[in-house]
Amino acid sequence: MMNSLIKLLKVQYEYEDIKALTDISLNIAEGEFVLLSGPNGAGKSTLFKLLNGLIFPTGGEYFFADEKITADKLKDIVFAKKFHKRIGYVFQNPDMQLFNHTVYDEIAFGPRQMGLSEIEIKNRVEQLLTFLDIEHLSQRAPYHLSGGEKKKTAIAAVLSLNPDILMMDEPVNGLDEKSRDWIEQFIMDFSKAGKTLLIASHDKAWQLMPGVRVVNFTSEHTIIE
Amino acid sequence: MKEKEQFNVNNKQPHRDIPMWLLQNDDYLPQKDRERYLSKTLLGILGRLIHFRQQMQIQTESFFSVTFKLIYVFLLIFSIALAHTITFLLLLLAGLLAYICLLDGRQILSLLKPAIGAMVFTFIIIVPAIFLQGTIVMLLPFKVFLSTLLVAALSRSTPFYLITKALGGLHVPSVFIMSLDLTINYIVLLGNTAIDLLQALKLRSVGRNTGKYESMGNVLGMTFLKSQEYAKQTHAAMLCRGFTGEYHVVQQHHWQKKYIIYTMAIMLLLVLFIHIEGY
């Protein structure tokens, strides 16, 4: 029996009197590969923001590794940093995630903050560049890259923190076939290696992936398994 | 079956080996660091954007048309500027306070904050003049307070897009209106971009960031680059849709009975002003 990493108990979220999440109860164990499926506007991205501690439930409870996550708890800087380090979140639009001068700096941003030595950082960055097949982009500015290259850079930047769970919001949206294939293969490999994955996509083809647990979002902003 | 084959691992190039450190857990305890700069910036931008979103949700159904409100506010500000005596200004203050009394606490605060701020700022600027000219110049901060309060009340009760549209009815040049419309659009769009980038920075700030100002500078730089990109794309899209530098704001006016009331309200204001001020 794997340990529970994420536990949501009847979570609700509403803003400006509009319901975005209704009675969401979900348990994600370590090593699981979970697909959040559902139409646009159902609440997938809102749930990702909530899981990352960017917003907080207006009802219900959220536990990460048995710790209840609240706004007050994340005011503790040390706890907040450790929490953010354990969750790797790849945004739907990589343009909104990349802010450094070069791809190398982008990937090294997290490890530098973690206080790793420059040799360890270089190792980590170079291994990720090779793993994601973007060695040739190392000294390029992220905003000059293609959509697929930006997505790979965003994934590398998040993986450099070695998170416990990787969350990806609509990972293949707007990408060409080659980049889509690459991302799909990467997700399968990552899942097979025992890493925890949470993917959100409205594309039903993802449901056929081997080993995936599908959680369906409804247009009423709740989930059905 | 065909769909199933889509995810057949053997059909695709296997990835290179996952780095070993990615398969192990880090034993990591973050160091303390100051994060207030990030939260404050995020909250500041969010506050502005919430204001814009609330602005868009204002109930637009009102007996008074936006064009009338604009003309009336313009006339009031004009008469405030011309007023020599305090009587007219006090009368106006009484009217404005009566209007404010009908609002809830949060709304009252949102109106009074900019008005009081502008008044205090003006007062500080004219302090030397008080010693030279006497208390007559004290009317100036009061006039600034009333004018700012009027503009704040207009902005609270009318969405920006309707205000810019109404400007068309007052024969303000269309290109000016288009610039205003685009500016408002881009404040929201670039605000969202900045929020996303700041949130990305926050999520990846997992330790001691020795280059806080550099990171903030990078976020601002990216927002600037995005603004250029958006501007180029918008211009290209406008050209593709036949834009040649002419922009027309369509205004249709049909005679309505309430226009008599509008005219009477304007006449009343002018008569009152001329009578009190003794022109």
# chains A, B, ... in the order shown; residues from 1 in each chain; ligands from 1
call {"tool": "interface_residues", "arguments": {"of": "chain A", "to": "chain B", "cutoff": "7 Å", "atoms": "only C-alpha atoms", "output": "CSV table (one decimal) with all heavy atoms, in the first residue's frame"}}
result
chain,number,residue,atom,x,y,z
A,77,ILE,N,7.5,30.6,6.0
A,77,ILE,CA,8.3,30.6,4.8
A,77,ILE,C,9.0,29.2,4.6
A,77,ILE,O,9.0,28.7,3.4
A,77,ILE,CB,9.3,31.7,4.9
A,77,ILE,CG1,8.6,33.1,5.0
A,77,ILE,CG2,10.3,31.7,3.6
A,77,ILE,CD1,7.9,33.5,3.8
A,78,VAL,N,9.6,28.7,5.6
A,78,VAL,CA,10.3,27.4,5.5
A,78,VAL,C,9.4,26.3,5.0
A,78,VAL,O,9.7,25.5,4.1
A,78,VAL,CB,11.1,27.0,6.8
A,78,VAL,CG1,11.7,25.7,6.7
A,78,VAL,CG2,12.1,28.1,7.1
A,81,LYS,N,8.3,26.9,1.3
A,81,LYS,CA,9.4,26.6,0.3
A,81,LYS,C,9.5,25.1,0.2
A,81,LYS,O,9.7,24.6,-0.9
A,81,LYS,CB,10.7,27.2,0.8
A,81,LYS,CG,10.8,28.7,0.5
A,81,LYS,CD,12.0,29.3,0.9
A,81,LYS,CE,12.0,30.8,0.7
A,81,LYS,NZ,12.0,31.2,-0.7
A,82,LYS,N,9.5,24.3,1.3
A,82,LYS,CA,9.6,22.9,1.2
A,82,LYS,C,8.4,22.3,0.4
A,82,LYS,O,8.6,21.4,-0.4
A,82,LYS,CB,9.7,22.3,2.6
A,82,LYS,CG,10.1,20.9,2.6
A,82,LYS,CD,10.5,20.3,4.0
A,82,LYS,CE,11.0,18.9,3.8
A,82,LYS,NZ,11.3,18.3,5.1
A,84,HIS,N,6.5,23.9,-1.9
A,84,HIS,CA,6.7,24.2,-3.3
A,84,HIS,C,7.7,23.3,-4.0
A,84,HIS,O,7.6,23.0,-5.1
A,84,HIS,CB,7.0,25.7,-3.5
A,84,HIS,CG,5.8,26.6,-3.1
A,84,HIS,ND1,4.6,26.3,-3.5
A,84,HIS,CD2,5.8,27.7,-2.4
A,84,HIS,CE1,3.8,27.3,-3.1
A,84,HIS,NE2,4.5,28.1,-2.4
A,85,LYS,N,8.8,23.0,-3.2
A,85,LYS,CA,9.9,22.2,-3.8
A,85,LYS,C,9.3,20.8,-4.1
A,85,LYS,O,9.8,20.1,-5.0
A,85,LYS,CB,11.0,22.1,-2.7
A,85,LYS,CG,12.3,21.5,-3.3
A,85,LYS,CD,12.5,20.1,-2.8
A,85,LYS,CE,13.6,19.4,-3.5
A,85,LYS,NZ,13.3,18.0,-3.7
A,96,MET,N,4.5,31.7,-19.8
A,96,MET,CA,4.2,32.3,-18.5
A,96,MET,C,5.0,31.7,-17.3
A,96,MET,O,4.8,32.0,-16.2
A,96,MET,CB,2.7,32.2,-18.1
A,96,MET,CG,1.8,32.7,-19.2
A,96,MET,SD,2.2,34.4,-19.5
A,96,MET,CE,1.2,34.7,-20.9
A,97,GLN,N,5.9,30.8,-17.7
A,97,GLN,CA,6.7,30.2,-16.6
A,97,GLN,C,8.2,30.4,-16.7
A,97,GLN,O,8.9,30.2,-15.8
A,97,GLN,CB,6.4,28.6,-16.7
A,97,GLN,CG,6.8,27.9,-15.5
A,97,GLN,CD,6.2,26.5,-15.4
A,97,GLN,OE1,5.6,26.0,-16.4
A,97,GLN,NE2,6.3,25.9,-14.3
A,99,PHE,N,11.4,32.9,-17.1
A,99,PHE,CA,11.7,34.3,-16.9
A,99,PHE,C,13.2,34.6,-16.8
A,99,PHE,O,13.6,35.7,-16.5
A,99,PHE,CB,11.0,34.8,-15.7
A,99,PHE,CG,11.2,34.0,-14.4
A,99,PHE,CD1,12.3,34.0,-13.7
A,99,PHE,CD2,10.2,33.0,-14.1
A,99,PHE,CE1,12.5,33.2,-12.6
A,99,PHE,CE2,10.3,32.2,-13.0
A,99,PHE,CZ,11.5,32.3,-12.2
A,100,ASN,N,14.0,33.6,-17.1
A,100,ASN,CA,15.5,33.8,-17.0
A,100,ASN,C,16.0,34.1,-18.4
A,100,ASN,O,15.4,34.0,-19.4
A,100,ASN,CB,16.1,32.6,-16.4
A,100,ASN,CG,15.9,32.5,-14.9
A,100,ASN,OD1,16.5,33.3,-14.2
A,100,ASN,ND2,15.0,31.7,-14.5
A,110,GLY,N,16.2,26.8,-9.7
A,110,GLY,CA,15.8,26.1,-8.5
A,110,GLY,C,17.0,25.5,-7.7
A,110,GLY,O,17.1,25.8,-6.5
A,113,GLN,N,18.9,28.0,-5.7
A,113,GLN,CA,18.2,28.4,-4.4
A,113,GLN,C,18.3,27.3,-3.4
A,113,GLN,O,18.3,27.6,-2.2
A,113,GLN,CB,16.8,28.7,-4.7
A,113,GLN,CG,16.6,29.9,-5.6
A,113,GLN,CD,15.2,30.4,-5.4
A,113,GLN,OE1,14.6,30.3,-4.3
A,113,GLN,NE2,14.7,31.1,-6.4
A,114,MET,N,18.4,26.1,-3.8
A,114,MET,CA,18.5,25.0,-2.9
A,114,MET,C,19.9,24.9,-2.2
A,114,MET,O,20.1,24.1,-1.3
A,114,MET,CB,18.2,23.6,-3.6
A,114,MET,CG,16.7,23.4,-3.9
A,114,MET,SD,16.5,22.1,-5.0
A,114,MET,CE,16.9,20.7,-4.1
A,127,GLN,N,22.5,17.0,-17.1
A,127,GLN,CA,21.8,15.7,-17.2
A,127,GLN,C,20.3,15.9,-17.7
A,127,GLN,O,19.8,15.2,-18.5
A,127,GLN,CB,21.8,15.0,-15.9
A,127,GLN,CG,23.1,14.3,-15.6
A,127,GLN,CD,23.1,13.6,-14.3
A,127,GLN,OE1,22.0,13.1,-13.8
A,127,GLN,NE2,24.2,13.5,-13.6
A,131,PHE,N,18.7,14.6,-21.0
A,131,PHE,CA,17.5,13.8,-20.8
A,131,PHE,C,16.3,14.3,-21.7
A,131,PHE,O,15.5,13.6,-22.3
A,131,PHE,CB,17.1,13.8,-19.4
A,131,PHE,CG,15.8,13.1,-19.1
A,131,PHE,CD1,15.5,11.8,-19.5
A,131,PHE,CD2,14.8,13.7,-18.3
A,131,PHE,CE1,14.3,11.1,-19.3
A,131,PHE,CE2,13.6,13.0,-18.0
A,131,PHE,CZ,13.4,11.8,-18.5
A,162,ASN,N,13.7,18.3,-8.5
A,162,ASN,CA,13.4,16.9,-8.1
A,162,ASN,C,12.1,16.8,-7.2
A,162,ASN,O,12.2,16.5,-6.1
A,162,ASN,CB,14.6,16.3,-7.4
A,162,ASN,CG,14.4,14.8,-7.2
A,162,ASN,OD1,13.5,14.2,-7.8
A,162,ASN,ND2,15.2,14.2,-6.3
A,186,PHE,N,7.6,10.8,-22.8
A,186,PHE,CA,8.2,11.3,-21.6
A,186,PHE,C,7.4,10.9,-20.4
A,186,PHE,O,7.8,10.4,-19.4
A,186,PHE,CB,8.5,12.8,-21.6
A,186,PHE,CG,8.7,13.4,-20.3
A,186,PHE,CD1,9.9,13.3,-19.6
A,186,PHE,CD2,7.7,14.1,-19.7
A,186,PHE,CE1,10.1,13.9,-18.4
A,186,PHE,CE2,7.9,14.7,-18.5
A,186,PHE,CZ,9.1,14.6,-17.8
A,208,LEU,N,-6.3,6.3,-22.7
A,208,LEU,CA,-5.9,5.0,-23.2
A,208,LEU,C,-4.4,4.7,-22.8
A,208,LEU,O,-3.9,3.7,-23.1
A,208,LEU,CB,-6.0,4.9,-24.7
A,208,LEU,CG,-7.5,5.2,-25.2
A,208,LEU,CD1,-7.5,5.4,-26.7
A,208,LEU,CD2,-8.4,4.0,-24.8
A,209,MET,N,-3.8,5.6,-22.1
A,209,MET,CA,-2.4,5.4,-21.7
A,209,MET,C,-2.3,4.3,-20.7
A,209,MET,O,-3.1,4.1,-19.9
A,209,MET,CB,-1.8,6.7,-21.1
A,209,MET,CG,-1.2,7.6,-22.1
A,209,MET,SD,-0.1,8.7,-21.2
A,209,MET,CE,0.9,9.4,-22.4
call {"tool": "select_by_dssp", "arguments": {"residues": "region 26-201 of chain A", "states": "alpha helix (DSSP H)", "output": "ChimeraX atom specification"}}
result
/A:44-51,77-86,103-113,118-131,147-159,177-192
call {"tool": "residues_around", "arguments": {"residues": "region 149-157 of chain B", "least_positions_apart": "5", "cutoff": "9 Å", "atoms": "only C-alpha atoms", "output": "ChimeraX atom specification"}}
result
/B:55,58-60,69-70,73,76-77,96,100,107,110-112,114-116,144,163
call {"tool": "write_last_selection", "arguments": {"atoms": "C-alpha atoms", "output": "short mmCIF file (atom, residue, chain, number, x, y, z; two decimals), in the first residue's frame"}}
result
data_model
loop_
_atom_site.label_atom_id
_atom_site.label_comp_id
_atom_site.auth_asym_id
_atom_site.auth_seq_id
_atom_site.Cartn_x
_atom_site.Cartn_y
_atom_site.Cartn_z
CA GLN B 55 -15.56 47.42 -13.01
CA ILE B 58 -21.09 46.91 -12.76
CA GLN B 59 -24.82 46.95 -13.37
CA THR B 60 -25.15 49.05 -16.51
CA LYS B 69 -23.21 61.17 -16.77
CA LEU B 70 -20.03 62.16 -18.64
CA VAL B 73 -19.46 65.23 -14.43
CA LEU B 76 -19.56 69.85 -12.45
CA ILE B 77 -15.75 69.73 -12.59
CA LEU B 96 -22.04 63.95 -2.96
CA ILE B 100 -22.11 58.22 -0.70
CA GLN B 107 -17.52 51.23 -1.73
CA SER B 110 -12.91 53.01 -2.46
CA LEU B 111 -14.31 56.48 -3.27
CA LEU B 112 -12.85 58.38 -0.34
CA PRO B 114 -8.27 58.49 -3.82
CA ALA B 115 -10.15 61.74 -3.05
CA ILE B 116 -8.53 62.22 0.37
CA VAL B 144 -9.39 68.74 -5.86
CA ILE B 163 -17.25 55.43 -20.83
#
call {"tool": "closest_residue", "arguments": {"among": "A:Ile107, A:Ile24, A:Leu128, A:Ile87", "to": "Ile223 (chain A)", "atoms": "only C-alpha atoms"}}
result
A:Ile24
call {"tool": "residues_around", "arguments": {"residues": "Ile69 (chain A)", "least_positions_apart": "5", "cutoff": "12 Å", "atoms": "only C-alpha atoms", "output": "list in words"}}
result
Ile6, Lys7, Leu8, Leu9, Val11, Leu50, Leu51, Asn52, Gly53, Leu54, Ile55, Phe56, Pro57, Gly60, Glu61, Tyr62, Phe63, Phe64, Leu74, Lys75, Asp76, Phe79, Ala80, Phe83 and His84 of chain A
call {"tool": "closest_residue", "arguments": {"among": "A:Leu129, A:Leu166, A:Ala108, A:Leu26", "to": "Ile199 (chain A)", "atoms": "only C-alpha atoms"}}
result
A:Leu166
call {"tool": "closest_residue", "arguments": {"among": "A:Asp176, A:Glu170, A:Asp133, A:Glu220", "to": "Leu35 (chain A)", "atoms": "only C-alpha atoms"}}
result
A:Glu170
call {"tool": "atom_distance", "arguments": {"atom1": "CA of Asn216 (chain A)", "atom2": "CA of Gly59 (chain A)"}}
result
20.6 Å
call {"tool": "closest_residue", "arguments": {"among": "A:Lys150, A:Thr22, A:Glu32, A:Val212", "to": "Ser4 (chain A)", "atoms": "only C-alpha atoms"}}
result
A:Glu32
call {"tool": "decode", "arguments": {"residues": "region 123-145 of chain A", "atoms": "N, CA and C atoms", "output": "PDB file, in the first residue's frame"}}
result
ATOM      1  N   ASN A 123      25.950  19.546 -13.034  1.00  0.00           N
ATOM      2  CA  ASN A 123      25.611  18.141 -13.313  1.00  0.00           C
ATOM      3  C   ASN A 123      24.128  17.975 -13.547  1.00  0.00           C
ATOM      4  N   ARG A 124      23.354  18.557 -12.611  1.00  0.00           N
ATOM      5  CA  ARG A 124      21.899  18.429 -12.673  1.00  0.00           C
ATOM      6  C   ARG A 124      21.382  19.030 -13.988  1.00  0.00           C
ATOM      7  N   VAL A 125      21.856  20.226 -14.309  1.00  0.00           N
ATOM      8  CA  VAL A 125      21.349  20.916 -15.498  1.00  0.00           C
ATOM      9  C   VAL A 125      21.740  20.147 -16.760  1.00  0.00           C
ATOM     10  N   GLU A 126      23.011  19.715 -16.824  1.00  0.00           N
ATOM     11  CA  GLU A 126      23.465  19.014 -18.046  1.00  0.00           C
ATOM     12  C   GLU A 126      22.737  17.687 -18.237  1.00  0.00           C
ATOM     13  N   GLN A 127      22.499  16.981 -17.119  1.00  0.00           N
ATOM     14  CA  GLN A 127      21.777  15.701 -17.239  1.00  0.00           C
ATOM     15  C   GLN A 127      20.341  15.940 -17.730  1.00  0.00           C
ATOM     16  N   LEU A 128      19.747  17.011 -17.242  1.00  0.00           N
ATOM     17  CA  LEU A 128      18.371  17.311 -17.682  1.00  0.00           C
ATOM     18  C   LEU A 128      18.346  17.754 -19.142  1.00  0.00           C
ATOM     19  N   LEU A 129      19.354  18.542 -19.523  1.00  0.00           N
ATOM     20  CA  LEU A 129      19.428  18.984 -20.932  1.00  0.00           C
ATOM     21  C   LEU A 129      19.533  17.773 -21.851  1.00  0.00           C
ATOM     22  N   THR A 130      20.344  16.785 -21.432  1.00  0.00           N
ATOM     23  CA  THR A 130      20.504  15.565 -22.243  1.00  0.00           C
ATOM     24  C   THR A 130      19.215  14.748 -22.215  1.00  0.00           C
ATOM     25  N   PHE A 131      18.668  14.589 -21.009  1.00  0.00           N
ATOM     26  CA  PHE A 131      17.455  13.779 -20.840  1.00  0.00           C
ATOM     27  C   PHE A 131      16.304  14.331 -21.694  1.00  0.00           C
ATOM     28  N   LEU A 132      16.205  15.650 -21.748  1.00  0.00           N
ATOM     29  CA  LEU A 132      15.101  16.262 -22.490  1.00  0.00           C
ATOM     30  C   LEU A 132      15.499  16.621 -23.928  1.00  0.00           C
ATOM     31  N   ASP A 133      16.720  16.267 -24.285  1.00  0.00           N
ATOM     32  CA  ASP A 133      17.182  16.440 -25.667  1.00  0.00           C
ATOM     33  C   ASP A 133      17.200  17.913 -26.096  1.00  0.00           C
ATOM     34  N   ILE A 134      17.689  18.760 -25.182  1.00  0.00           N
ATOM     35  CA  ILE A 134      17.736  20.196 -25.509  1.00  0.00           C
ATOM     36  C   ILE A 134      19.134  20.774 -25.215  1.00  0.00           C
ATOM     37  N   GLU A 135      20.162  19.919 -25.328  1.00  0.00           N
ATOM     38  CA  GLU A 135      21.531  20.401 -25.038  1.00  0.00           C
ATOM     39  C   GLU A 135      21.877  21.601 -25.910  1.00  0.00           C
ATOM     40  N   HIS A 136      21.438  21.565 -27.169  1.00  0.00           N
ATOM     41  CA  HIS A 136      21.790  22.623 -28.120  1.00  0.00           C
ATOM     42  C   HIS A 136      21.125  23.969 -27.787  1.00  0.00           C
ATOM     43  N   LEU A 137      20.142  23.942 -26.865  1.00  0.00           N
ATOM     44  CA  LEU A 137      19.439  25.192 -26.535  1.00  0.00           C
ATOM     45  C   LEU A 137      20.000  25.861 -25.285  1.00  0.00           C
ATOM     46  N   SER A 138      20.976  25.219 -24.679  1.00  0.00           N
ATOM     47  CA  SER A 138      21.472  25.647 -23.366  1.00  0.00           C
ATOM     48  C   SER A 138      21.659  27.161 -23.216  1.00  0.00           C
ATOM     49  N   GLN A 139      22.258  27.819 -24.211  1.00  0.00           N
ATOM     50  CA  GLN A 139      22.563  29.249 -24.068  1.00  0.00           C
ATOM     51  C   GLN A 139      21.578  30.141 -24.831  1.00  0.00           C
ATOM     52  N   ARG A 140      20.465  29.570 -25.264  1.00  0.00           N
ATOM     53  CA  ARG A 140      19.455  30.369 -25.986  1.00  0.00           C
ATOM     54  C   ARG A 140      18.506  31.030 -24.994  1.00  0.00           C
ATOM     55  N   ALA A 141      17.913  32.172 -25.430  1.00  0.00           N
ATOM     56  CA  ALA A 141      16.919  32.845 -24.580  1.00  0.00           C
ATOM     57  C   ALA A 141      15.584  32.103 -24.712  1.00  0.00           C
ATOM     58  N   PRO A 142      14.915  31.788 -23.585  1.00  0.00           N
ATOM     59  CA  PRO A 142      13.676  30.995 -23.664  1.00  0.00           C
ATOM     60  C   PRO A 142      12.603  31.593 -24.567  1.00  0.00           C
ATOM     61  N   TYR A 143      12.513  32.944 -24.617  1.00  0.00           N
ATOM     62  CA  TYR A 143      11.412  33.515 -25.409  1.00  0.00           C
ATOM     63  C   TYR A 143      11.628  33.407 -26.919  1.00  0.00           C
ATOM     64  N   HIS A 144      12.827  32.940 -27.335  1.00  0.00           N
ATOM     65  CA  HIS A 144      13.067  32.757 -28.767  1.00  0.00           C
ATOM     66  C   HIS A 144      12.839  31.320 -29.227  1.00  0.00           C
ATOM     67  N   LEU A 145      12.404  30.461 -28.315  1.00  0.00           N
ATOM     68  CA  LEU A 145      12.272  29.040 -28.666  1.00  0.00           C
ATOM     69  C   LEU A 145      10.903  28.742 -29.274  1.00  0.00           C
TER      70      LEU A 145
END
